[in-house]
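S.K.: To be precise about what I am sending: the file is called structure-v4.cif and holds mmCIF, C-alpha atoms and all ligand atoms.
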```
data_input
loop_
_atom_site.label_atom_id
_atom_site.label_comp_id
_atom_site.auth_asym_id
_atom_site.auth_seq_id
_atom_site.Cartn_x
_atom_site.Cartn_y
_atom_site.Cartn_z
CA MET A 1 0.00 0.00 0.00
CA GLY A 2 1.40 3.39 -0.98
CA LEU A 3 1.15 6.62 0.98
CA ASP A 4 -2.04 8.69 0.84
CA PRO A 5 -1.94 11.20 -2.03
CA GLU A 6 -1.16 14.22 0.11
CA ALA A 7 1.73 12.53 1.90
CA GLN A 8 3.12 11.22 -1.39
CA VAL A 9 2.95 14.66 -3.02
CA LYS A 10 4.67 16.22 0.00
CA LYS A 11 7.44 13.66 -0.21
CA ASP A 12 7.87 14.19 -3.96
CA LEU A 13 8.00 17.96 -3.51
CA GLU A 14 10.62 17.63 -0.78
CA ARG A 15 12.95 15.57 -2.93
CA LEU A 16 12.34 17.12 -6.37
CA LEU A 17 11.70 20.84 -5.80
CA PRO A 18 15.32 21.48 -4.72
CA LEU A 19 16.47 20.06 -8.07
CA LEU A 20 14.21 22.47 -9.92
CA ASN A 21 14.82 25.49 -7.71
CA ALA A 22 18.58 25.12 -7.98
CA LYS A 23 18.37 26.00 -11.68
CA LEU A 24 15.09 27.88 -12.02
CA THR A 25 16.41 31.42 -12.33
CA SER A 26 20.08 30.91 -13.17
CA ARG A 27 19.50 31.70 -16.86
CA PHE A 28 18.10 35.12 -15.90
CA GLU A 29 20.81 36.34 -13.59
CA HIS A 30 23.43 37.74 -15.96
CA GLY A 31 22.84 39.90 -18.99
CA GLU A 32 22.47 43.43 -20.18
CA ALA A 33 18.68 43.91 -20.10
CA VAL A 34 18.44 44.10 -16.32
CA LYS A 35 14.81 45.19 -15.96
CA VAL A 36 13.33 42.49 -18.16
CA ALA A 37 15.51 39.92 -16.38
CA GLU A 38 14.14 41.17 -13.08
CA ALA A 39 10.58 40.90 -14.39
CA MET A 40 11.16 37.29 -15.49
CA ARG A 41 12.66 36.36 -12.14
CA TYR A 42 9.83 38.16 -10.32
CA SER A 43 7.18 36.04 -12.00
CA LEU A 44 9.15 32.81 -11.69
CA GLU A 45 9.83 33.40 -8.02
CA ALA A 46 6.33 34.62 -7.19
CA GLY A 47 5.41 31.06 -6.20
CA GLY A 48 3.21 28.71 -8.10
CA LYS A 49 2.57 25.05 -7.56
CA ARG A 50 5.20 23.85 -10.09
CA VAL A 51 2.75 21.20 -11.24
CA ARG A 52 4.01 20.89 -14.83
CA PRO A 53 7.73 20.56 -14.04
CA LEU A 54 7.04 18.11 -11.23
CA LEU A 55 4.82 16.00 -13.47
CA CYS A 56 7.57 15.95 -16.07
CA LEU A 57 10.18 14.74 -13.56
CA LEU A 58 7.76 12.15 -12.16
CA ALA A 59 6.86 10.92 -15.63
CA ALA A 60 10.53 10.21 -16.33
CA GLU A 61 10.76 8.41 -13.01
CA SER A 62 7.57 6.43 -13.70
CA VAL A 63 9.23 4.79 -16.70
CA GLY A 64 12.28 3.83 -14.63
CA ALA A 65 14.60 6.78 -15.38
CA ASP A 66 16.43 9.12 -13.04
CA PRO A 67 14.19 12.24 -12.82
CA GLU A 68 17.25 14.45 -13.40
CA MET A 69 17.24 13.27 -17.01
CA ALA A 70 14.09 15.37 -17.49
CA LEU A 71 15.28 18.47 -15.63
CA SER A 72 15.68 20.69 -18.71
CA GLY A 73 12.18 19.68 -19.80
CA ALA A 74 10.86 20.59 -16.36
CA LEU A 75 12.52 24.02 -16.49
CA ALA A 76 11.23 24.59 -20.02
CA LEU A 77 7.67 23.80 -18.91
CA GLU A 78 7.77 26.24 -16.00
CA TYR A 79 9.23 29.00 -18.21
CA LEU A 80 6.57 28.40 -20.83
CA HIS A 81 3.77 28.25 -18.26
CA THR A 82 4.96 31.41 -16.51
CA TYR A 83 5.08 33.28 -19.82
CA SER A 84 1.47 32.22 -20.49
CA LEU A 85 0.35 33.51 -17.08
CA ILE A 86 2.10 36.87 -17.59
CA HIS A 87 0.46 37.35 -20.98
CA ASP A 88 -2.90 36.03 -19.80
CA ASP A 89 -2.95 38.67 -17.06
CA LEU A 90 -2.34 41.59 -19.47
CA PRO A 91 -5.06 44.22 -19.95
CA ALA A 92 -5.63 42.97 -23.52
CA MET A 93 -6.42 39.48 -22.22
CA ASP A 94 -7.78 38.76 -18.73
CA ASP A 95 -6.70 42.08 -17.21
CA ASP A 96 -5.75 40.76 -13.77
CA ASP A 97 -3.85 42.50 -11.01
CA LEU A 98 -3.16 39.50 -8.77
CA ARG A 99 -1.24 36.33 -9.59
CA ARG A 100 0.45 33.83 -7.32
CA GLY A 101 -0.55 36.09 -4.43
CA LYS A 102 1.41 39.09 -5.77
CA PRO A 103 0.78 42.00 -8.14
CA THR A 104 0.85 40.74 -11.73
CA CYS A 105 3.97 41.31 -13.82
CA HIS A 106 2.52 44.25 -15.76
CA VAL A 107 1.36 45.93 -12.54
CA ALA A 108 4.86 45.59 -11.10
CA PHE A 109 6.93 46.33 -14.22
CA GLY A 110 4.62 47.99 -16.76
CA GLU A 111 2.86 46.49 -19.73
CA ALA A 112 5.72 46.65 -22.21
CA HIS A 113 8.13 44.88 -19.90
CA ALA A 114 5.53 42.24 -19.03
CA ILE A 115 5.08 41.47 -22.71
CA LEU A 116 8.84 41.26 -23.13
CA ALA A 117 9.25 39.13 -20.00
CA GLY A 118 6.72 36.65 -21.39
CA ASP A 119 8.47 36.62 -24.75
CA GLY A 120 11.83 36.17 -23.07
CA LEU A 121 10.60 33.25 -20.97
CA GLN A 122 9.08 31.57 -23.99
CA ALA A 123 12.34 31.76 -25.95
CA GLU A 124 14.29 30.52 -22.94
CA ALA A 125 12.01 27.48 -22.65
CA PHE A 126 13.18 26.26 -26.02
CA GLY A 127 16.74 27.44 -25.36
CA VAL A 128 17.19 25.45 -22.16
CA LEU A 129 16.18 22.23 -23.89
CA ALA A 130 18.21 22.89 -27.03
CA ALA A 131 21.34 23.63 -24.99
CA ASP A 132 21.24 20.49 -22.85
CA ALA A 133 23.92 18.32 -24.44
CA SER A 134 23.32 15.58 -21.86
CA ILE A 135 20.06 14.69 -23.67
CA PRO A 136 20.53 12.48 -26.75
CA ALA A 137 19.91 14.63 -29.85
CA GLU A 138 16.84 12.69 -31.00
CA ALA A 139 15.08 12.95 -27.63
CA ARG A 140 16.01 16.62 -27.40
CA VAL A 141 14.41 17.42 -30.75
CA GLU A 142 11.32 15.38 -29.87
CA ALA A 143 10.91 17.20 -26.56
CA ILE A 144 11.27 20.57 -28.32
CA ALA A 145 8.69 19.53 -30.91
CA LEU A 146 6.27 18.41 -28.18
CA LEU A 147 6.63 21.73 -26.39
CA ALA A 148 6.07 23.66 -29.63
CA GLU A 149 2.94 21.66 -30.43
CA ALA A 150 1.51 22.03 -26.94
CA SER A 151 2.22 25.73 -26.57
CA GLY A 152 1.50 27.00 -30.08
CA TRP A 153 -1.68 27.60 -32.01
CA ARG A 154 -2.51 23.89 -32.08
CA GLY A 155 -2.35 23.95 -28.28
CA MET A 156 -2.32 26.63 -25.62
CA VAL A 157 -2.35 29.70 -27.89
CA GLY A 158 -5.22 28.21 -29.91
CA GLY A 159 -7.15 27.43 -26.73
CA GLN A 160 -6.62 30.92 -25.40
CA ALA A 161 -7.86 32.37 -28.71
CA LEU A 162 -11.01 30.21 -28.67
CA ASP A 163 -11.60 31.10 -25.03
CA LEU A 164 -11.37 34.83 -25.71
CA GLU A 165 -13.57 34.55 -28.81
CA GLY A 166 -16.09 32.56 -26.74
CA GLU A 167 -16.60 35.46 -24.35
CA GLY A 168 -18.62 37.19 -27.06
CA LEU A 169 -20.85 34.21 -27.73
CA GLU A 170 -24.26 33.79 -26.15
CA THR A 171 -23.68 30.15 -25.39
CA TYR A 172 -21.92 27.01 -26.50
CA GLY A 173 -22.01 23.42 -25.41
CA LEU A 174 -19.85 20.90 -23.60
CA ASP A 175 -18.03 19.73 -26.74
CA HIS A 176 -16.74 23.21 -27.49
CA LEU A 177 -15.81 23.75 -23.85
CA LYS A 178 -13.85 20.48 -23.89
CA THR A 179 -11.97 21.67 -26.97
CA ILE A 180 -11.02 24.92 -25.24
CA HIS A 181 -9.90 23.10 -22.09
CA ARG A 182 -7.99 20.47 -24.08
CA LEU A 183 -6.04 23.15 -25.94
CA LYS A 184 -5.67 25.92 -23.38
CA THR A 185 -4.76 23.91 -20.29
CA GLY A 186 -4.69 20.25 -21.30
CA ALA A 187 -2.07 20.45 -24.03
CA LEU A 188 0.75 21.67 -21.76
CA LEU A 189 -0.12 19.24 -18.98
CA ARG A 190 -0.25 16.39 -21.48
CA ALA A 191 3.13 17.53 -22.85
CA SER A 192 4.53 17.59 -19.31
CA LEU A 193 3.99 13.85 -19.00
CA GLU A 194 4.96 13.03 -22.57
CA MET A 195 8.15 15.09 -22.39
CA GLY A 196 9.05 13.22 -19.20
CA ALA A 197 8.52 9.97 -21.10
CA VAL A 198 10.69 11.06 -24.02
CA LEU A 199 13.47 12.47 -21.83
CA GLY A 200 13.34 9.36 -19.66
CA GLY A 201 13.89 7.15 -22.71
CA ALA A 202 10.46 5.47 -22.65
CA ASP A 203 9.39 3.12 -25.44
CA GLY A 204 6.38 3.89 -27.67
CA ALA A 205 3.78 2.11 -25.52
CA LEU A 206 4.84 3.81 -22.29
CA ARG A 207 4.99 7.17 -24.04
CA GLU A 208 1.46 6.65 -25.36
CA ALA A 209 0.20 5.68 -21.90
CA LEU A 210 1.67 8.87 -20.43
CA ARG A 211 0.27 10.99 -23.28
CA SER A 212 -3.24 9.59 -22.66
CA ALA A 213 -2.95 9.93 -18.90
CA GLY A 214 -1.72 13.50 -19.39
CA ALA A 215 -4.68 14.38 -21.57
CA TRP A 216 -7.16 13.22 -18.90
CA LEU A 217 -5.16 14.81 -16.13
CA GLY A 218 -5.15 18.09 -18.07
CA LEU A 219 -8.91 18.03 -18.42
CA ALA A 220 -9.33 17.18 -14.73
CA PHE A 221 -7.01 20.06 -13.80
CA GLN A 222 -9.06 22.59 -15.73
CA ILE A 223 -12.40 21.26 -14.41
CA GLN A 224 -11.05 21.76 -10.90
CA ASP A 225 -9.87 25.24 -11.94
CA ASP A 226 -13.44 26.01 -13.05
CA ILE A 227 -14.80 24.65 -9.76
CA LEU A 228 -12.32 26.65 -7.67
CA ASP A 229 -13.09 29.84 -9.57
CA ALA A 230 -16.76 29.33 -8.73
CA THR A 231 -16.35 28.28 -5.10
CA SER A 232 -13.13 29.74 -3.66
CA ASP A 233 -11.73 33.21 -3.03
CA ALA A 234 -8.68 35.32 -3.83
CA ALA A 235 -7.16 34.85 -0.38
CA ALA A 236 -7.05 31.09 -0.87
CA LEU A 237 -6.19 31.08 -4.58
CA GLY A 238 -3.65 33.89 -4.81
CA LYS A 239 -5.56 35.12 -7.89
CA ARG A 240 -8.99 36.63 -8.32
CA ALA A 241 -11.90 34.22 -7.98
CA GLY A 242 -15.37 34.46 -9.50
CA LYS A 243 -14.02 35.86 -12.75
CA ASP A 244 -15.69 33.25 -14.92
CA ALA A 245 -19.19 34.07 -13.69
CA GLU A 246 -18.42 37.81 -13.82
CA LYS A 247 -17.57 37.48 -17.50
CA GLY A 248 -20.50 35.14 -18.17
CA LYS A 249 -17.99 32.49 -19.18
CA ILE A 250 -19.06 28.94 -20.02
CA THR A 251 -17.48 26.52 -17.55
CA TYR A 252 -18.11 23.01 -16.23
CA PRO A 253 -20.10 24.24 -13.20
CA ALA A 254 -22.04 26.66 -15.44
CA LEU A 255 -22.99 23.87 -17.84
CA LEU A 256 -23.36 20.88 -15.50
CA GLY A 257 -23.87 22.42 -12.06
CA LEU A 258 -21.39 21.92 -9.25
CA GLU A 259 -22.24 18.26 -8.73
CA GLY A 260 -22.08 17.50 -12.44
CA ALA A 261 -18.69 19.22 -12.63
CA GLN A 262 -17.46 17.20 -9.67
CA ARG A 263 -18.61 13.97 -11.33
CA ALA A 264 -16.81 14.92 -14.56
CA LEU A 265 -13.69 15.69 -12.52
CA ALA A 266 -13.82 12.28 -10.80
CA GLU A 267 -14.31 10.53 -14.14
CA ALA A 268 -11.39 12.33 -15.81
CA THR A 269 -9.16 11.53 -12.82
CA GLU A 270 -10.17 7.87 -12.93
CA ASN A 271 -9.38 7.71 -16.64
CA ALA A 272 -5.97 9.27 -16.04
CA SER A 273 -5.30 6.72 -13.34
CA CYS A 274 -6.30 3.81 -15.63
CA HIS A 275 -3.77 4.89 -18.26
CA LEU A 276 -1.05 5.03 -15.61
CA GLN A 277 -1.50 1.40 -14.63
CA SER A 278 0.76 0.04 -17.37
CA LEU A 279 3.78 2.06 -16.20
CA PRO A 280 6.65 0.39 -14.33
CA LYS A 281 6.30 2.87 -11.42
CA PRO A 282 2.88 4.56 -11.50
CA GLY A 283 2.69 5.34 -7.74
CA SER A 284 3.66 9.00 -7.58
CA LEU A 285 1.76 10.08 -10.69
CA GLU A 286 -1.37 8.32 -9.46
CA ALA A 287 -1.09 10.11 -6.15
CA TRP A 288 -0.62 13.43 -7.96
CA ALA A 289 -3.69 12.83 -10.14
CA ARG A 290 -5.79 12.27 -7.00
CA TYR A 291 -4.20 15.13 -5.13
CA LEU A 292 -4.75 17.60 -7.99
CA ALA A 293 -8.41 16.63 -8.25
CA GLY A 294 -8.88 17.67 -4.62
CA ARG A 295 -6.55 20.68 -4.63
CA LYS A 296 -7.73 23.90 -3.00
CA VAL A 297 -5.26 26.20 -4.80
C1 LIG A 301 -1.55 34.00 -23.10
C2 LIG A 301 -0.65 32.49 -24.89
C3 LIG A 301 -1.41 32.66 -23.69
C4 LIG A 301 -1.97 31.58 -23.12
C5 LIG A 301 -2.65 31.64 -21.87
C6 LIG A 301 -2.44 29.13 -19.54
C7 LIG A 301 -3.27 30.19 -20.14
C8 LIG A 301 -3.29 30.33 -21.58
C9 LIG A 301 -3.95 31.08 -19.42
C10 LIG A 301 -3.86 31.17 -17.98
C11 LIG A 301 -5.22 31.34 -17.44
C12 LIG A 301 -5.76 30.09 -16.97
C13 LIG A 301 -6.64 30.12 -15.79
C14 LIG A 301 -5.47 29.02 -17.66
C15 LIG A 301 -5.84 27.72 -17.31
C16 LIG A 301 -4.60 27.04 -16.94
C17 LIG A 301 -4.37 27.23 -15.53
C18 LIG A 301 -5.26 26.55 -14.59
C19 LIG A 301 -3.38 28.00 -15.14
C20 LIG A 301 -2.97 28.14 -13.77
O1 LIG A 301 -2.08 27.10 -13.54
P1 LIG A 301 -1.60 26.71 -12.10
O2 LIG A 301 -2.81 26.56 -11.23
O3 LIG A 301 -0.81 28.03 -11.69
O4 LIG A 301 -0.69 25.54 -12.20
P2 LIG A 301 0.45 28.17 -10.74
O5 LIG A 301 0.49 29.65 -10.43
O6 LIG A 301 0.25 27.33 -9.52
O7 LIG A 301 1.65 27.75 -11.53
#
```
Show this structure as structure tokens.
M.R.:
Amino acid sequence: MGLDPEAQVKKDLERLLPLLNAKLTSRFEHGEAVKVAEAMRYSLEAGGKRVRPLLCLLAAESVGADPEMALSGALALEYLHTYSLIHDDLPAMDDDDLRRGKPTCHVAFGEAHAILAGDGLQAEAFGVLAADASIPAEARVEAIALLAEASGWRGMVGGQALDLEGEGLETYGLDHLKTIHRLKTGALLRASLEMGAVLGGADGALREALRSAGAWLGLAFQIQDDILDATSDAAALGKRAGKDAEKGKITYPALLGLEGAQRALAEATENASCHLQSLPKPGSLEAWARYLAGRKV
């Protein structure tokens, strides 16, 4: 019998976060453009759950590799994710003033520098992977391609565009909402697991299992995000709550009610867990899937 999900997650964070934190900001410490470097470090260091990098390290471990083999992938994911949050918070997008419990990047550094900080982080995400000569060239290129697919217009950027366009629509149904969630949030979470598989040297079947698990886990993550936005508050979340309803946004709770959303969340988590069963070491990822479904932040 393994540990309960919360205890397992705590243990994983204790052993893997130091690996990540040791390198998280080192690429932004020396250079000429001091203010944009400061803005990038500000957003990276503002906190955050580090879900994507941790999932990447754990995915490598779940196929029997040393998690350190996936460290550049983990860094790339957190850079990419942080860029997306900075840009999402801009006045032209969600126009938020609070993120990770602190003033958003554009509030702290101005809009132009926030745009540049996001751009800089995005470029660095690909740079950190490309520069890691310890990764065999084929795996390196595959990981870069996965990140490009997940973050570009066929993934996160496309999802964000559909989400913004949807704000002007009277209504749309569950299928369209699933598409938005799959692209906007799901693609990068799915890539987190699949990049861990690739960097951990997994064979095709294990990689496929992690890709499928990641897709379900990504959907579950966004359903819980919808639920938290509807039921929690800024003090607990470190970002504004209730924004979806304020904007009349279509969400799982709006379409299915709170109970329906919770059922969909449980089902997506169960599906993720099923796909993890074929892995050599599924324990930690399973615990994380359950933990994330019940997260309060
Ligand atoms: C601006 C190109 C572009 C994309 C933005 C990721 C995204 C797309 C928007 C962020 C807004 C949002 C609520 C997206 C859903 C994904 C999500 C739940 C992000 C928050 O991720 P967490 O909870 O954040 O992992 P922390 O701060 O813990 O890292």
S.K.: Which residues are near ligand LIG 301 (chain A) in this structure, taking near to mean any atom at most 9 Å from a ligand atom and counting only C-alpha atoms and all ligand atoms? Format them as a PDB file with C-alpha atoms, keeping the file's coordinate frame.
M.R.:
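Contents of pocket-v6.pdb, freshly written:
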```pdb
ATOM      1  CA  ALA A  46       6.330  34.620  -7.190  1.00  0.00           C
ATOM      2  CA  GLY A  47       5.410  31.060  -6.200  1.00  0.00           C
ATOM      3  CA  GLY A  48       3.210  28.710  -8.100  1.00  0.00           C
ATOM      4  CA  LYS A  49       2.570  25.050  -7.560  1.00  0.00           C
ATOM      5  CA  ARG A  50       5.200  23.850 -10.090  1.00  0.00           C
ATOM      6  CA  VAL A  51       2.750  21.200 -11.240  1.00  0.00           C
ATOM      7  CA  ARG A  52       4.010  20.890 -14.830  1.00  0.00           C
ATOM      8  CA  GLU A  78       7.770  26.240 -16.000  1.00  0.00           C
ATOM      9  CA  HIS A  81       3.770  28.250 -18.260  1.00  0.00           C
ATOM     10  CA  THR A  82       4.960  31.410 -16.510  1.00  0.00           C
ATOM     11  CA  TYR A  83       5.080  33.280 -19.820  1.00  0.00           C
ATOM     12  CA  SER A  84       1.470  32.220 -20.490  1.00  0.00           C
ATOM     13  CA  LEU A  85       0.350  33.510 -17.080  1.00  0.00           C
ATOM     14  CA  ILE A  86       2.100  36.870 -17.590  1.00  0.00           C
ATOM     15  CA  HIS A  87       0.460  37.350 -20.980  1.00  0.00           C
ATOM     16  CA  ASP A  88      -2.900  36.030 -19.800  1.00  0.00           C
ATOM     17  CA  ASP A  89      -2.950  38.670 -17.060  1.00  0.00           C
ATOM     18  CA  LEU A  90      -2.340  41.590 -19.470  1.00  0.00           C
ATOM     19  CA  MET A  93      -6.420  39.480 -22.220  1.00  0.00           C
ATOM     20  CA  ASP A  94      -7.780  38.760 -18.730  1.00  0.00           C
ATOM     21  CA  ARG A  99      -1.240  36.330  -9.590  1.00  0.00           C
ATOM     22  CA  ARG A 100       0.450  33.830  -7.320  1.00  0.00           C
ATOM     23  CA  GLY A 101      -0.550  36.090  -4.430  1.00  0.00           C
ATOM     24  CA  GLY A 118       6.720  36.650 -21.390  1.00  0.00           C
ATOM     25  CA  SER A 151       2.220  25.730 -26.570  1.00  0.00           C
ATOM     26  CA  GLY A 152       1.500  27.000 -30.080  1.00  0.00           C
ATOM     27  CA  TRP A 153      -1.680  27.600 -32.010  1.00  0.00           C
ATOM     28  CA  MET A 156      -2.320  26.630 -25.620  1.00  0.00           C
ATOM     29  CA  VAL A 157      -2.350  29.700 -27.890  1.00  0.00           C
ATOM     30  CA  GLY A 158      -5.220  28.210 -29.910  1.00  0.00           C
ATOM     31  CA  GLY A 159      -7.150  27.430 -26.730  1.00  0.00           C
ATOM     32  CA  GLN A 160      -6.620  30.920 -25.400  1.00  0.00           C
ATOM     33  CA  ALA A 161      -7.860  32.370 -28.710  1.00  0.00           C
ATOM     34  CA  HIS A 181      -9.900  23.100 -22.090  1.00  0.00           C
ATOM     35  CA  LEU A 183      -6.040  23.150 -25.940  1.00  0.00           C
ATOM     36  CA  LYS A 184      -5.670  25.920 -23.380  1.00  0.00           C
ATOM     37  CA  THR A 185      -4.760  23.910 -20.290  1.00  0.00           C
ATOM     38  CA  GLY A 186      -4.690  20.250 -21.300  1.00  0.00           C
ATOM     39  CA  LEU A 188       0.750  21.670 -21.760  1.00  0.00           C
ATOM     40  CA  PHE A 221      -7.010  20.060 -13.800  1.00  0.00           C
ATOM     41  CA  GLN A 222      -9.060  22.590 -15.730  1.00  0.00           C
ATOM     42  CA  ILE A 223     -12.400  21.260 -14.410  1.00  0.00           C
ATOM     43  CA  GLN A 224     -11.050  21.760 -10.900  1.00  0.00           C
ATOM     44  CA  ASP A 225      -9.870  25.240 -11.940  1.00  0.00           C
ATOM     45  CA  ASP A 226     -13.440  26.010 -13.050  1.00  0.00           C
ATOM     46  CA  ASP A 229     -13.090  29.840  -9.570  1.00  0.00           C
ATOM     47  CA  LEU A 237      -6.190  31.080  -4.580  1.00  0.00           C
ATOM     48  CA  GLY A 238      -3.650  33.890  -4.810  1.00  0.00           C
ATOM     49  CA  LYS A 239      -5.560  35.120  -7.890  1.00  0.00           C
ATOM     50  CA  VAL A 297      -5.260  26.200  -4.800  1.00  0.00           C
TER      51      VAL A 297
END
```
S.K.: Give the centre and edge lengths of an axis-aligned box, in Å to one decimal, that holds all listed atoms of segment 194-198 of chain A with 3 Å on each side, as AutoDock Vina command-line options.
M.R.:
```
--center_x 7.8 --center_y 12.5 --center_z -21.6 --size_x 11.7 --size_y 11.1 --size_z 10.8
```
S.K.: With all atoms listed in the file as the counted atoms, please give the residues lying no more than 8 Å from Phe126 of chain A, apart from itself and same-chain residues fewer than 4 positions off, as a PDB file with C-alpha atoms, in the coordinates of the input.
M.R.:
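Saved to result-v8.pdb:
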```
ATOM      1  CA  ALA A  76      11.230  24.590 -20.020  1.00  0.00           C
ATOM      2  CA  GLN A 122       9.080  31.570 -23.990  1.00  0.00           C
ATOM      3  CA  ALA A 130      18.210  22.890 -27.030  1.00  0.00           C
ATOM      4  CA  ILE A 144      11.270  20.570 -28.320  1.00  0.00           C
ATOM      5  CA  LEU A 147       6.630  21.730 -26.390  1.00  0.00           C
TER       6      LEU A 147
END
```
S.K.: For Asn21 of chain A, which residue among A:Asp203, A:Glu45, A:Glu270, A:Asp163 is the nearest when counting only C-alpha atoms?
M.R.: A:Glu45
S.K.: Please list as an MDAnalysis selection string every residue within 9 Å of Leu57 of chain A, counting all atoms listed in the file and excluding residues in the same chain fewer than 3 positions away.
M.R.: chainID A and resid 16 52:54 60:62 66:71 73:74 192:193 196 200
